[in-house]
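This is final12.pdb. It holds PDB, C-alpha atoms.
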ATOM      1  CA  MET A 580       0.000   0.000   0.000
ATOM      2  CA  THR A 581       2.957   2.321   0.539
ATOM      3  CA  GLY A 582       3.794   2.131  -3.159
ATOM      4  CA  CYS A 583       0.218   3.093  -4.014
ATOM      5  CA  TYR A 584       0.411   6.027  -1.631
ATOM      6  CA  VAL A 585       3.644   7.258  -3.233
ATOM      7  CA  ILE A 586       2.239   6.996  -6.764
ATOM      8  CA  LEU A 587      -0.993   8.765  -5.797
ATOM      9  CA  SER A 588       1.021  11.431  -3.992
ATOM     10  CA  PHE A 589       2.982  12.125  -7.195
ATOM     11  CA  PHE A 590      -0.287  12.254  -9.119
ATOM     12  CA  TRP A 591      -1.704  14.769  -6.648
ATOM     13  CA  GLN A 592       1.388  16.964  -6.612
ATOM     14  CA  ILE A 593       1.651  17.190 -10.398
ATOM     15  CA  HIS A 594      -2.032  18.023 -10.815
ATOM     16  CA  GLU A 595      -1.893  20.465  -7.913
ATOM     17  CA  ALA A 596       1.132  22.293  -9.323
ATOM     18  CA  THR A 597      -0.433  22.526 -12.787
ATOM     19  CA  LYS A 598      -3.666  23.917 -11.276
ATOM     20  CA  GLN A 599      -5.882  21.044 -12.394
ATOM     21  CA  SER A 600      -8.159  21.224  -9.379
ATOM     22  CA  ALA A 601     -11.221  20.051 -11.331
ATOM     23  CA  THR A 602      -9.406  16.817 -12.193
ATOM     24  CA  LEU A 603      -8.407  16.342  -8.557
ATOM     25  CA  ALA A 604     -11.955  17.038  -7.365
ATOM     26  CA  ARG A 605     -13.348  14.395  -9.741
ATOM     27  CA  PHE A 606     -10.587  12.001  -8.717
ATOM     28  CA  ASN A 607     -11.374  12.481  -5.005
ATOM     29  CA  LEU A 608     -15.117  12.093  -5.545
ATOM     30  CA  PHE A 609     -14.586   8.917  -7.536
ATOM     31  CA  THR A 610     -12.246   7.590  -4.840
ATOM     32  CA  ALA A 611     -14.654   8.291  -1.985
ATOM     33  CA  TYR A 612     -17.765   6.962  -3.702
ATOM     34  CA  SER A 613     -16.090   3.881  -5.121
ATOM     35  CA  ILE A 614     -14.564   2.949  -1.742
ATOM     36  CA  PHE A 615     -17.961   3.379  -0.109
ATOM     37  CA  GLY A 616     -19.805   1.395  -2.778
ATOM     38  CA  LEU A 617     -17.280  -1.425  -2.884
ATOM     39  CA  SER A 618     -17.194  -1.552   0.934
ATOM     40  CA  VAL A 619     -20.938  -2.046   1.058
ATOM     41  CA  LEU A 620     -20.828  -4.742  -1.634
ATOM     42  CA  ILE A 621     -18.028  -6.626   0.094
ATOM     43  CA  MET A 622     -19.664  -6.338   3.528
ATOM     44  CA  VAL A 623     -22.978  -7.637   2.219
ATOM     45  CA  GLY A 624     -21.230 -10.634   0.672
ATOM     46  CA  MET A 625     -19.228 -11.540   3.787
ATOM     47  CA  LYS A 626     -20.541 -13.871   6.470
ATOM     48  CA  SER A 627     -18.159 -12.857   9.253
ATOM     49  CA  GLN A 628     -15.670 -10.100   9.944
ATOM     50  CA  ARG A 629     -17.650  -7.645   7.847
ATOM     51  CA  TYR A 630     -15.515  -4.737   9.041
ATOM     52  CA  MET A 631     -12.778  -6.116   6.774
ATOM     53  CA  GLY A 632     -14.907  -5.091   3.786
ATOM     54  CA  ALA A 633     -13.926  -1.452   4.235
ATOM     55  CA  ILE A 634     -10.230  -2.349   4.427
ATOM     56  CA  TRP A 635     -10.411  -4.571   1.324
ATOM     57  CA  ALA A 636     -12.308  -1.897  -0.597
ATOM     58  CA  TYR A 637      -9.782   0.769   0.370
ATOM     59  CA  CYS A 638      -6.875  -1.416  -0.747
ATOM     60  CA  LEU A 639      -8.481  -2.508  -4.034
ATOM     61  CA  ILE A 640      -9.584   0.978  -5.064
ATOM     62  CA  HIS A 641      -6.207   2.500  -4.243
ATOM     63  CA  LEU A 642      -4.445  -0.260  -6.169
ATOM     64  CA  LEU A 643      -6.627   0.385  -9.229
ATOM     65  CA  LEU A 644      -6.201   4.151  -8.933
ATOM     66  CA  SER A 645      -2.441   3.687  -8.687
ATOM     67  CA  VAL A 646      -2.454   1.789 -11.984
ATOM     68  CA  TYR A 647      -4.482   4.638 -13.521
ATOM     69  CA  ALA A 648      -2.102   7.235 -12.047
ATOM     70  CA  VAL A 649       0.950   5.408 -13.416
ATOM     71  CA  GLY A 650      -0.554   5.675 -16.890
ATOM     72  CA  LYS A 651      -1.232   9.381 -16.448
ATOM     73  CA  LEU A 652       2.202  10.066 -14.936
ATOM     74  CA  ARG A 653       4.183   8.245 -17.637
ATOM     75  CA  PRO A 654       4.868  11.448 -19.665
ATOM     76  CA  HIS A 655       6.400  13.035 -16.551
ATOM     77  CA  TRP A 656       8.797  10.154 -15.840
ATOM     78  CA  ARG A 657      12.417   9.816 -16.692
ATOM     79  CA  LEU A 658      13.794   6.563 -15.371
ATOM     80  CA  ALA A 659      17.248   7.426 -14.111
ATOM     81  CA  PHE A 660      18.964   6.745 -10.825
ATOM     82  CA  SER A 661      21.281   9.197  -9.186
ATOM     83  CA  LYS A 662      23.008   8.604  -5.855
ATOM     84  CA  LYS A 663      23.278  12.361  -5.447
ATOM     85  CA  HIS A 664      19.488  12.769  -5.673
ATOM     86  CA  LEU A 665      18.904   9.825  -3.353
ATOM     87  CA  PHE A 666      21.236  11.232  -0.683
ATOM     88  CA  TYR A 667      19.689  14.672  -1.068
ATOM     89  CA  ALA A 668      16.199  13.246  -0.565
ATOM     90  CA  MET A 669      17.319  11.168   2.424
ATOM     91  CA  ALA A 670      19.073  14.159   3.999
ATOM     92  CA  PHE A 671      15.850  16.114   3.671
ATOM     93  CA  ALA A 672      13.399  13.386   4.709
ATOM     94  CA  CYS A 673      15.174  11.498   7.512
ATOM     95  CA  PRO A 674      15.164  14.371  10.044
ATOM     96  CA  LEU A 675      11.399  14.740   9.478
ATOM     97  CA  ILE A 676      10.631  11.168  10.559
ATOM     98  CA  PRO A 677      11.190  11.749  14.321
ATOM     99  CA  TYR A 678       9.282  15.018  14.069
ATOM    100  CA  HIS A 679       6.194  13.336  12.635
ATOM    101  CA  LEU A 680       6.429  10.279  14.883
ATOM    102  CA  SER A 681       6.851  12.390  18.019
ATOM    103  CA  GLY A 682       3.355  13.861  17.693
ATOM    104  CA  LEU A 683       1.817  10.420  17.356
ATOM    105  CA  VAL A 684       3.823   9.003  20.274
ATOM    106  CA  LEU A 685       2.981  11.956  22.535
ATOM    107  CA  TYR A 686      -0.709  11.670  21.680
ATOM    108  CA  GLN A 687      -0.765   7.949  22.464
ATOM    109  CA  PHE A 688       1.067   8.444  25.777
ATOM    110  CA  ASP A 689      -1.347  11.235  26.661
ATOM    111  CA  LEU A 690      -4.268   8.900  26.035
ATOM    112  CA  LEU A 691      -2.699   6.133  28.118
ATOM    113  CA  MET A 692      -1.937   8.428  31.057
ATOM    114  CA  ILE A 693      -5.377  10.052  31.011
ATOM    115  CA  ASN A 694      -7.037   6.648  30.776
ATOM    116  CA  LYS A 695      -5.007   5.285  33.726
ATOM    117  CA  THR A 696      -5.378   8.331  35.969
ATOM    118  CA  LEU A 697      -8.795   9.778  35.101
ATOM    119  CA  GLY A 698     -10.635   6.998  33.284
ATOM    120  CA  ALA A 699     -11.856   6.045  29.835
ATOM    121  CA  ALA A 700     -14.484   8.816  29.649
ATOM    122  CA  ASP A 701     -11.877  11.552  30.087
ATOM    123  CA  ALA A 702      -9.560   9.817  27.605
ATOM    124  CA  ALA A 703     -12.390   9.783  25.055
ATOM    125  CA  LEU A 704     -13.075  13.474  25.723
ATOM    126  CA  TYR A 705      -9.378  14.237  25.209
ATOM    127  CA  SER A 706      -9.404  12.275  21.969
ATOM    128  CA  VAL A 707     -12.374  14.271  20.659
ATOM    129  CA  ALA A 708     -10.798  17.562  21.730
ATOM    130  CA  TYR A 709      -7.492  16.602  20.109
ATOM    131  CA  SER A 710      -9.279  15.711  16.865
ATOM    132  CA  PHE A 711     -11.153  19.012  17.022
ATOM    133  CA  GLY A 712      -7.832  20.795  17.443
ATOM    134  CA  LEU A 713      -6.533  19.113  14.295
ATOM    135  CA  LEU A 714      -9.087  21.082  12.293
ATOM    136  CA  LEU A 715      -6.601  23.933  12.159
ATOM    137  CA  SER A 716      -4.079  21.708  10.396
ATOM    138  CA  VAL A 717      -6.750  20.767   7.846
ATOM    139  CA  VAL A 718      -7.401  24.463   7.144
ATOM    140  CA  TYR A 719      -3.659  25.077   6.938
ATOM    141  CA  MET A 720      -3.118  22.240   4.456
ATOM    142  CA  ALA A 721      -6.009  23.482   2.301
ATOM    143  CA  PHE A 722      -4.480  26.962   2.088
ATOM    144  CA  TYR A 723      -1.001  25.538   1.584
ATOM    145  CA  SER A 724      -2.133  23.329  -1.291
ATOM    146  CA  ALA A 725      -3.968  26.203  -2.944
ATOM    147  CA  TRP A 726      -1.111  28.684  -2.435
ATOM    148  CA  ILE A 727       1.831  26.575  -3.687
ATOM    149  CA  PRO A 728       1.297  27.044  -7.469
ATOM    150  CA  ASP A 729       0.850  30.803  -7.110
ATOM    151  CA  TYR A 730       3.785  31.001  -4.725
ATOM    152  CA  TYR A 731       6.150  29.413  -7.240
ATOM    153  CA  ARG A 732       4.784  31.542 -10.065
ATOM    154  CA  HIS A 733       5.436  34.727  -8.060
ATOM    155  CA  MET A 734       8.865  33.509  -6.937
ATOM    156  CA  ASN A 735       9.896  32.683 -10.510
ATOM    157  CA  ARG A 736       8.868  36.188 -11.543
ATOM    158  CA  ARG A 737      10.730  37.595  -8.530
ATOM    159  CA  ASP A 738       7.486  39.273  -7.494
ATOM    160  CA  HIS A 739       8.232  39.261  -3.764
ATOM    161  CA  HIS A 740       5.502  41.786  -2.958
ATOM    162  CA  HIS A 741       2.778  39.289  -3.926
ATOM    163  CA  VAL A 742       4.533  36.508  -2.006
ATOM    164  CA  VAL A 743       4.632  38.594   1.174
ATOM    165  CA  SER A 744       1.063  39.890   0.812
ATOM    166  CA  GLY A 745      -0.314  36.400   0.049
ATOM    167  CA  THR A 746       1.553  34.860   2.964
ATOM    168  CA  ASN A 747       0.322  37.607   5.312
ATOM    169  CA  ARG A 748      -3.248  37.100   4.132
ATOM    170  CA  ILE A 749      -3.054  33.349   4.770
ATOM    171  CA  PHE A 750      -1.443  33.948   8.187
ATOM    172  CA  LYS A 751      -4.288  36.291   9.196
ATOM    173  CA  ILE A 752      -6.921  33.762   8.108
ATOM    174  CA  LEU A 753      -5.193  30.965  10.048
ATOM    175  CA  LEU A 754      -4.869  33.233  13.084
ATOM    176  CA  PHE A 755      -8.592  33.979  12.881
ATOM    177  CA  CYS A 756      -9.403  30.252  12.620
ATOM    178  CA  ALA A 757      -7.164  29.523  15.616
ATOM    179  CA  ALA A 758      -8.905  32.258  17.603
ATOM    180  CA  LEU A 759     -12.276  30.695  16.739
ATOM    181  CA  LEU A 760     -11.083  27.306  18.004
ATOM    182  CA  VAL A 761      -9.870  28.885  21.241
ATOM    183  CA  PHE A 762     -13.040  30.966  21.621
ATOM    184  CA  PHE A 763     -15.355  27.985  21.228
ATOM    185  CA  GLY A 764     -13.177  25.651  23.278
ATOM    186  CA  GLU A 765     -13.819  24.991  26.910
TER
END
Kindly return the structure encoded in the file as structure tokens.
Amino acid sequence: MTGCYVILSFFWQIHEATKQSATLARFNLFTAYSIFGLSVLIMVGMKSQRYMGAIWAYCLIHLLLSVYAVGKLRPHWRLAFSKKHLFYAMAFACPLIPYHLSGLVLYQFDLLMINKTLGAADAALYSVAYSFGLLLSVVYMAFYSAWIPDYYRHMNRRDHHHVVSGTNRIFKILLFCAALLVFFGE
């Protein structure tokens, strides 16, 4: 499944950078509806362990979409291997692994400690509050994904005024969203 994720990530990034949001919207709708439909079909046909239907549907649909994405990405490929590029990518990516894992580990330890000291109800409340707090990262990623193509266009033109004004605008919107989360929080 990791290979499928990598291929679909490339597909996303190329279509995002070339501002083909309509294609991505159709792709996402097809993905969501086909996973749901196939999940239901598989679950209806299974006698036991019906929950596995959703997992099988997710895997099958992503495998098929990866094959489709490989066909669409073929014009963008140049099969060449460079140790220099590999080491550059590893030097960039390896320090990010502990950063991303640390958030997950801290969250799990928080849940364990709250469950042991305060009980399952408070651990569930913490889990809901933590998920609610992640809404800000969803808003951030939406703005980031929308801003990247324009950012590179402005940077290539050396139009730093638009880069600064766009970044400030996004920062103010994110600050407002964060204030709303704090205001409506307990």
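Taking atom CA of Met720 of chain A as the reference point, atom CA of Leu680 of chain A is found at 18.5 Å.
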- Query: Could you pull the residues within 10 Å of segment 702-709 of chain A, counting only C-alpha atoms, minus those fewer than 4 positions along the same chain, as an MDAnalysis selection string?
  - Reply: chainID A and resid 686:687 689:698 713:714 764:765
- Enumerate, as a ChimeraX atom specification, the residues matched when the PyMOL selection byres ((chain A and resi 593) around 12) is run on the file above. /A:586-592,594-600,602-603,648,651-656,724,727-728
- Task: Please evaluate the PyMOL selection byres ((chain A and resi 634-638) around 10) against the structure above and give the resulting residues as a ChimeraX atom specification.
- Result: /A:580,583,610-611,613-622,629-633,639-644
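By chain and then residue number, the residues within 10 Å of Leu754 of chain A are Leu715, Arg748 and Leu760 of chain A, counting all atoms listed in the file and disregarding those fewer than 6 positions away in sequence.
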- Measure the distance from atom CA of Val743 of chain A to atom CA of Tyr730 of chain A in Å and round it to one decimal.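 Spanning atom CA of Val743 of chain A to atom CA of Tyr730 of chain A is a straight-line distance of 9.7 Å.
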- What does the distance from atom CA of Thr746 of chain A to atom CA of Ser716 of chain A come to in Å, to one decimal? 16.1 Å
- Message: Measuring between all atoms listed in the file, which one of A:Ser710, A:Lys751, A:Pro674, A:Gly745 shows the shortest distance to His733 of chain A?
- Response: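 The closest residue to His733 of chain A is A:Gly745.
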Segment 692-712 of chain A rebuilt with N, CA, C and O atoms, output as a PDB file, keeping the file's coordinate frame:
ATOM      1  N   MET A 692      -2.012   7.830  29.715  1.00  0.00           N
ATOM      2  CA  MET A 692      -1.937   8.428  31.057  1.00  0.00           C
ATOM      3  C   MET A 692      -3.296   8.935  31.518  1.00  0.00           C
ATOM      4  O   MET A 692      -3.671   8.742  32.679  1.00  0.00           O
ATOM      5  N   ILE A 693      -4.054   9.565  30.625  1.00  0.00           N
ATOM      6  CA  ILE A 693      -5.377  10.052  31.011  1.00  0.00           C
ATOM      7  C   ILE A 693      -6.298   8.881  31.320  1.00  0.00           C
ATOM      8  O   ILE A 693      -7.065   8.922  32.289  1.00  0.00           O
ATOM      9  N   ASN A 694      -6.211   7.827  30.531  1.00  0.00           N
ATOM     10  CA  ASN A 694      -7.037   6.648  30.776  1.00  0.00           C
ATOM     11  C   ASN A 694      -6.704   6.014  32.122  1.00  0.00           C
ATOM     12  O   ASN A 694      -7.596   5.616  32.863  1.00  0.00           O
ATOM     13  N   LYS A 695      -5.407   5.909  32.455  1.00  0.00           N
ATOM     14  CA  LYS A 695      -5.007   5.285  33.726  1.00  0.00           C
ATOM     15  C   LYS A 695      -5.366   6.150  34.919  1.00  0.00           C
ATOM     16  O   LYS A 695      -5.779   5.633  35.962  1.00  0.00           O
ATOM     17  N   THR A 696      -5.176   7.461  34.803  1.00  0.00           N
ATOM     18  CA  THR A 696      -5.378   8.331  35.969  1.00  0.00           C
ATOM     19  C   THR A 696      -6.816   8.821  36.117  1.00  0.00           C
ATOM     20  O   THR A 696      -7.331   8.895  37.228  1.00  0.00           O
ATOM     21  N   LEU A 697      -7.474   9.168  35.014  1.00  0.00           N
ATOM     22  CA  LEU A 697      -8.795   9.778  35.101  1.00  0.00           C
ATOM     23  C   LEU A 697      -9.927   8.885  34.619  1.00  0.00           C
ATOM     24  O   LEU A 697     -11.076   9.113  34.941  1.00  0.00           O
ATOM     25  N   GLY A 698      -9.608   7.910  33.764  1.00  0.00           N
ATOM     26  CA  GLY A 698     -10.635   6.998  33.284  1.00  0.00           C
ATOM     27  C   GLY A 698     -10.857   7.108  31.783  1.00  0.00           C
ATOM     28  O   GLY A 698     -10.382   8.022  31.115  1.00  0.00           O
ATOM     29  N   ALA A 699     -11.624   6.150  31.282  1.00  0.00           N
ATOM     30  CA  ALA A 699     -11.856   6.045  29.835  1.00  0.00           C
ATOM     31  C   ALA A 699     -12.691   7.216  29.302  1.00  0.00           C
ATOM     32  O   ALA A 699     -12.482   7.660  28.170  1.00  0.00           O
ATOM     33  N   ALA A 700     -13.634   7.710  30.108  1.00  0.00           N
ATOM     34  CA  ALA A 700     -14.484   8.816  29.649  1.00  0.00           C
ATOM     35  C   ALA A 700     -13.651  10.064  29.382  1.00  0.00           C
ATOM     36  O   ALA A 700     -13.841  10.751  28.372  1.00  0.00           O
ATOM     37  N   ASP A 701     -12.730  10.380  30.285  1.00  0.00           N
ATOM     38  CA  ASP A 701     -11.877  11.552  30.087  1.00  0.00           C
ATOM     39  C   ASP A 701     -10.891  11.342  28.936  1.00  0.00           C
ATOM     40  O   ASP A 701     -10.564  12.286  28.212  1.00  0.00           O
ATOM     41  N   ALA A 702     -10.436  10.107  28.742  1.00  0.00           N
ATOM     42  CA  ALA A 702      -9.560   9.817  27.605  1.00  0.00           C
ATOM     43  C   ALA A 702     -10.318  10.006  26.296  1.00  0.00           C
ATOM     44  O   ALA A 702      -9.770  10.549  25.323  1.00  0.00           O
ATOM     45  N   ALA A 703     -11.572   9.591  26.256  1.00  0.00           N
ATOM     46  CA  ALA A 703     -12.390   9.783  25.055  1.00  0.00           C
ATOM     47  C   ALA A 703     -12.630  11.266  24.798  1.00  0.00           C
ATOM     48  O   ALA A 703     -12.565  11.726  23.653  1.00  0.00           O
ATOM     49  N   LEU A 704     -12.887  12.030  25.862  1.00  0.00           N
ATOM     50  CA  LEU A 704     -13.075  13.474  25.723  1.00  0.00           C
ATOM     51  C   LEU A 704     -11.808  14.139  25.197  1.00  0.00           C
ATOM     52  O   LEU A 704     -11.858  15.003  24.318  1.00  0.00           O
ATOM     53  N   TYR A 705     -10.664  13.710  25.691  1.00  0.00           N
ATOM     54  CA  TYR A 705      -9.378  14.237  25.209  1.00  0.00           C
ATOM     55  C   TYR A 705      -9.184  13.906  23.735  1.00  0.00           C
ATOM     56  O   TYR A 705      -8.734  14.749  22.953  1.00  0.00           O
ATOM     57  N   SER A 706      -9.550  12.695  23.361  1.00  0.00           N
ATOM     58  CA  SER A 706      -9.404  12.275  21.969  1.00  0.00           C
ATOM     59  C   SER A 706     -10.266  13.137  21.050  1.00  0.00           C
ATOM     60  O   SER A 706      -9.816  13.552  19.975  1.00  0.00           O
ATOM     61  N   VAL A 707     -11.482  13.417  21.462  1.00  0.00           N
ATOM     62  CA  VAL A 707     -12.374  14.271  20.659  1.00  0.00           C
ATOM     63  C   VAL A 707     -11.819  15.690  20.589  1.00  0.00           C
ATOM     64  O   VAL A 707     -11.779  16.306  19.515  1.00  0.00           O
ATOM     65  N   ALA A 708     -11.357  16.216  21.711  1.00  0.00           N
ATOM     66  CA  ALA A 708     -10.798  17.562  21.730  1.00  0.00           C
ATOM     67  C   ALA A 708      -9.531  17.654  20.869  1.00  0.00           C
ATOM     68  O   ALA A 708      -9.317  18.640  20.153  1.00  0.00           O
ATOM     69  N   TYR A 709      -8.709  16.632  20.917  1.00  0.00           N
ATOM     70  CA  TYR A 709      -7.492  16.602  20.109  1.00  0.00           C
ATOM     71  C   TYR A 709      -7.841  16.583  18.621  1.00  0.00           C
ATOM     72  O   TYR A 709      -7.244  17.301  17.818  1.00  0.00           O
ATOM     73  N   SER A 710      -8.831  15.768  18.263  1.00  0.00           N
ATOM     74  CA  SER A 710      -9.279  15.711  16.865  1.00  0.00           C
ATOM     75  C   SER A 710      -9.859  17.050  16.429  1.00  0.00           C
ATOM     76  O   SER A 710      -9.638  17.499  15.303  1.00  0.00           O
ATOM     77  N   PHE A 711     -10.592  17.692  17.317  1.00  0.00           N
ATOM     78  CA  PHE A 711     -11.153  19.012  17.022  1.00  0.00           C
ATOM     79  C   PHE A 711     -10.028  20.026  16.808  1.00  0.00           C
ATOM     80  O   PHE A 711     -10.100  20.869  15.920  1.00  0.00           O
ATOM     81  N   GLY A 712      -8.978  19.909  17.594  1.00  0.00           N
ATOM     82  CA  GLY A 712      -7.832  20.795  17.443  1.00  0.00           C
ATOM     83  C   GLY A 712      -7.086  20.589  16.140  1.00  0.00           C
ATOM     84  O   GLY A 712      -6.436  21.509  15.629  1.00  0.00           O
TER      85      GLY A 712
END
